[in-house]
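Chemist: Just dropping this structure here.
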Amino acid sequence: MQMFFADLVVRTDEARRAFETHPVLLDGVAHGMTVERYRRLLLELYHVVWHFNPISAAAASRMADSHKQVRYFLYEHMHEESGHEEWVRNDLQAVGVEPEQTIAHLPSPFTRALVGYNYWAADRSHPASVLGMLYTLEVIASVYGGPFAAAIKESLLLEGERGVSFINSHATMDAAHMADLRKVLNTLRDEAAHEAVVESALVNFHHFTRIIEAV
Amino acid sequence: MSIPTRTLTGLPQLLSRPYKYLRLEWTSELGMLRVRTCVKPIQCYSLAGLTEMQRVLDDIAENPGLVRHLVLSSDVTGVFNFGGDLALFVLLVRAQDIDSLKMYGRRCIDLVWWLEHAARRGVHTTVLVQGDTLGGGLESVLPFHKVIFERSAQAGFPEVLFNLFPGMGAWPLTIRKAGFAVANDMVLTGRLFTAEQLLRRSLVDVVVEDGDGEEAIVEVVRSVDPRLRGTLAALTAQRMTAPITYETLQTTVDMWAETALTLTTRDLRLMERLARAQARKAGGGDEGAVEEIKRIELDTAWGELRSGNTGWGEERGTGITAWGALS
């Protein structure tokens, strides 16, 4: 029998490729971005990252005891992700956006749709949905983060980690996270949780593609 | 050659499926099914592309006698196929997901296996390569009965550059067509070869000028069709004489998946460089993965010449360059 992680990869592959092959992302990976667009992207990312832990907490609080391994996984993950919005804020500052501007930024409707969906899914659909969000964000970070950060550094002539610390570090860090996520996903046995994860990953890829498209 | 009545019912089914990455054309006079791949914008063997291709082959198998000639080509200018889905590989390697890597590899060898036995199914296969074809792209070409390259097309197995090897039939298919020495040269060096060089090594049957590929297809099919039964019997016997077993293909895929799990960050970064180059080409750039491979070879050679390392920390590169081969 195929493990659930493999099933998830196959069932969401088209959504991943739709993200990967979107002209804006292709161009970003190939040639980088103007500083204005990169600022807009980081401003949206800030809000995605800022809501990551509250969404995970909402899901953990509703997770049934039968899925306590997922709850523990979420606790650890939240701990590791704590404060990462600061990294985005620092990167924004490095490219000319002051912290108060970042905090005051009103996210785009696409970012609100992504964040809103994830709160709703954790609260009203199935708490395991949060793993679909994690899968999407970690695929984006670990698979595309490295080449994208390299392209941004080249196009904006940024030195070292300056301005790309969040994206670059997550490209490496999420590599280890991907293996942990695979293990926890493969512990899920019930159909309802499987469906919730797949649906959530599909929705997250869709919304994230729209976010990139709009910046 | 007349077509049994029952197989005619299979034709609408075969042609009417809503493919996203394939374009099918039917020439009834020749019983020729043209399959044009268009996994846009990055032409590679994606999971969905593989599934669609397998569906076409299954439909052909379910309607024996309907398709006499299967012809494959690419709808993407300048690229036949970049091979494996590099982003998917990076994802699966980072997730340390050997099951999915093996599953991907098996889907690839299932296509190879079908093509290997196409003659037994009464189908003569022809492939036209009009642009770059790398790794799995080249592996998918080799089981075809007739391989046509346009002159500017280049091909190779670059996997060794990022510490992997082509695991979906490259070894047995290359050895059978060109011998052990050529297979060694191609797989172990990662070099790229021109159409003319591949012709000299018997991996390509016909090289035509750029733009003449379509005409060459018609010529091949029209010349084979009157002698089809004898040709297919001979090709079946040929493959029985030098057989490739499914077990070998499967064991090699498993080994490929195990090797993929050992890739380091440096190896994955090289893979990402190729993926970025593919993105540049897909975006209309002049240079793509082929040029990036040449740059990687050059970087490696320079790095080793100048400092004894490759600029990747403690990691050492493959130290390959063979510029004469491309001249």
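A note on labels: chains of the structure tokens are A, B, ... as shown, every chain counts residues from 1, and ligands are counted from 1 in their shown order.
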Can you check which residues of chain B have any atom within 9 Å of chain A? Use only C-alpha atoms and format it as a VMD selection string.
Modeler: chain B and resid 40 to 42 46 to 48 87 to 88 90 to 97 99 to 101 103 265 269 272 to 273 275 to 283
Chemist: Would you put the residues from that selection into a file with C-alpha atoms, as a compact mmCIF listing (two decimals), in the first residue's frame?
Modeler:
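See again-v5.txt below for the written result:
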# COMPACT_ATOMS: atom_id res chain seq x y z
CA LYS B 40 4.73 23.61 -20.89
CA PRO B 41 6.55 25.67 -19.98
CA ILE B 42 9.19 23.23 -18.70
CA SER B 46 6.18 15.29 -14.88
CA LEU B 47 3.95 12.82 -13.06
CA ALA B 48 0.90 14.06 -14.99
CA ALA B 87 11.78 20.12 -8.64
CA LEU B 88 9.95 16.91 -7.78
CA VAL B 90 14.47 17.94 -4.93
CA LEU B 91 11.20 17.68 -2.99
CA LEU B 92 11.42 13.91 -2.62
CA VAL B 93 15.11 13.91 -1.74
CA ARG B 94 14.58 16.59 0.90
CA ALA B 95 11.66 14.58 2.27
CA GLN B 96 13.86 11.44 2.15
CA ASP B 97 10.92 9.73 0.46
CA ASP B 99 8.90 5.17 -1.88
CA SER B 100 7.89 8.08 -4.09
CA LEU B 101 11.26 8.14 -5.85
CA MET B 103 7.27 5.01 -7.75
CA THR B 265 23.13 20.10 -0.46
CA ARG B 269 22.13 23.15 -5.55
CA GLU B 272 18.57 23.73 -8.80
CA ARG B 273 20.98 25.54 -11.15
CA ALA B 275 16.14 23.96 -12.91
CA ARG B 276 16.80 27.72 -12.99
CA ALA B 277 18.30 27.37 -16.45
CA GLN B 278 15.21 25.48 -17.58
CA ALA B 279 13.10 28.33 -16.20
CA ARG B 280 15.17 30.86 -18.19
CA LYS B 281 14.69 28.88 -21.40
CA ALA B 282 10.96 28.46 -20.69
CA GLY B 283 10.76 32.23 -20.27
Chemist: Please report, as a ChimeraX atom specification, each residue of stretch 108-244 of chain B to which DSSP assigns strand (DSSP E) when run on this structure's backbone.
Modeler: /B:124-129,132-134,146-150,154-156,192-194,206-208
Chemist: Hey, could you make a per-residue contact list for stretch 225-307 of chain B against stretch 110-115 of chain B with 10 Å as the cut-off, showing the nearest pair of atoms and its distance in Å to one decimal, counting only C-alpha atoms, sorted by chain and number, as a Markdown table?
Modeler:
| residue | atom | partner | partner_atom | distance |
| --- | --- | --- | --- | --- |
| B:Ile244 | CA | B:Trp113 | CA | 8.9 |
| B:Thr245 | CA | B:Trp113 | CA | 8.7 |
| B:Tyr246 | CA | B:Trp113 | CA | 7.1 |
| B:Leu249 | CA | B:Trp113 | CA | 8.7 |
| B:Gln250 | CA | B:Asp110 | CA | 9.4 |
Chemist: With N, CA and C atoms retained, export the selected residues as a JSON list (two decimals), in the first residue's frame.
Modeler:
[["chain", "number", "residue", "atom", "x", "y", "z"],
["B", 244, "ILE", "N", 16.36, -7.07, -22.79],
["B", 244, "ILE", "CA", 16.46, -6.25, -21.58],
["B", 244, "ILE", "C", 15.34, -6.75, -20.68],
["B", 245, "THR", "N", 15.66, -7.04, -19.43],
["B", 245, "THR", "CA", 14.61, -7.58, -18.57],
["B", 245, "THR", "C", 14.00, -6.48, -17.70],
["B", 246, "TYR", "N", 12.73, -6.69, -17.37],
["B", 246, "TYR", "CA", 12.05, -5.72, -16.50],
["B", 246, "TYR", "C", 12.71, -5.72, -15.12],
["B", 249, "LEU", "N", 15.64, -3.43, -15.09],
["B", 249, "LEU", "CA", 15.20, -2.04, -15.07],
["B", 249, "LEU", "C", 14.73, -1.65, -13.67],
["B", 250, "GLN", "N", 13.97, -2.55, -13.05],
["B", 250, "GLN", "CA", 13.40, -2.26, -11.74],
["B", 250, "GLN", "C", 14.49, -2.19, -10.67]]
Chemist: Go ahead and compute the interatomic distance for atom CA of A:Phe52 and atom CA of A:Ile152, in Å to one decimal.
Modeler: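 A separation of 24.0 Å between them.
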Chemist: Could you work out how far atom CA of B:Leu164 lies from atom CA of B:Phe82, giving the answer in Å with one decimal?
Modeler: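 Going from atom CA of B:Phe82 over to atom CA of B:Leu164 covers 15.3 Å.
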Chemist: When you look at A:Thr136 with a cut-off of 7 Å (counting only C-alpha atoms), what residues show up, excluding the ones that are within fewer than 4 positions of it in the same chain? I need them as an MDAnalysis selection string.
Modeler: chainID A and resid 132 140 201 204:205
Chemist: Grab the atom CA of B:Gly136 to atom CA of B:Pro166 distance for me, in Å with one decimal place.
Modeler: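 Atom-to-atom, atom CA of B:Gly136 to atom CA of B:Pro166, that is 6.8 Å.
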Chemist: Can you tell me, as a list in words, which residues in stretch 1-72 of chain B count as helix (DSSP H, G or I) by DSSP?
Modeler: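 Of stretch 1-72 of chain B, only Thr5, Arg6, Thr7, Leu8, Gly10, Leu11, Pro12, Gln13, Leu14, Leu15, Ser16, Leu47, Ala48, Gly49, Leu50, Thr51, Glu52, Met53, Gln54, Arg55, Val56, Leu57, Asp58, Asp59, Ile60, Ala61 and Glu62 of chain B fall in helix (DSSP H, G or I).
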Chemist: Do you know which residues are at most 6 Å from B:Gly167 counting only C-alpha atoms, after dropping those on the same chain fewer than 5 positions away, and could you put them as number ranges by chain?
Modeler: B: 252-253, 256
Chemist: Hey, what's within 9 Å of stretch 216-225 of chain B if we count only C-alpha atoms and toss same-chain stuff fewer than 3 positions away? As a PyMOL selection string, please?
Modeler: chain B and resi 1+30+32+68-69+71+124+126-128+146+148+206+208+212-213+228-229+231
Chemist: Show me, as a PyMOL selection string, the residues that have an atom within 12 Å of A:Ser108 when counting only C-alpha atoms, minus same-chain residues fewer than 4 positions from it.
Modeler: chain A and resi 40-48+112-116+207-208+210-215
Chemist: Compile the contact shell of stretch 65-81 of chain A as an MDAnalysis selection string: residues with an atom at most 7 Å away, counting only C-alpha atoms, same-chain residues fewer than 2 positions apart removed.
Modeler: chainID A and resid 53 56 60 63 83:84 184
Chemist: Pull N, CA and C atoms from the residues just selected and write them as a compact mmCIF listing (two decimals), in the first residue's frame.
Modeler:
# COMPACT_ATOMS: atom_id res chain seq x y z
N ASN A 53 1.90 30.42 13.25
CA ASN A 53 1.79 29.77 14.55
C ASN A 53 0.38 29.81 15.15
N SER A 56 -1.48 27.09 13.51
CA SER A 56 -1.02 25.78 14.01
C SER A 56 -1.57 25.53 15.41
N ALA A 60 -3.84 22.53 16.65
CA ALA A 60 -3.39 21.65 17.75
C ALA A 60 -4.45 21.56 18.83
N MET A 63 -7.06 19.09 17.81
CA MET A 63 -6.60 17.76 17.37
C MET A 63 -7.07 16.69 18.37
N GLY A 83 9.15 33.66 16.06
CA GLY A 83 10.04 34.80 15.81
C GLY A 83 10.50 34.93 14.38
N HIS A 84 10.10 34.02 13.51
CA HIS A 84 10.60 34.10 12.13
C HIS A 84 10.02 35.27 11.35
N VAL A 184 5.44 12.38 9.98
CA VAL A 184 4.18 12.57 10.72
C VAL A 184 2.98 12.35 9.79
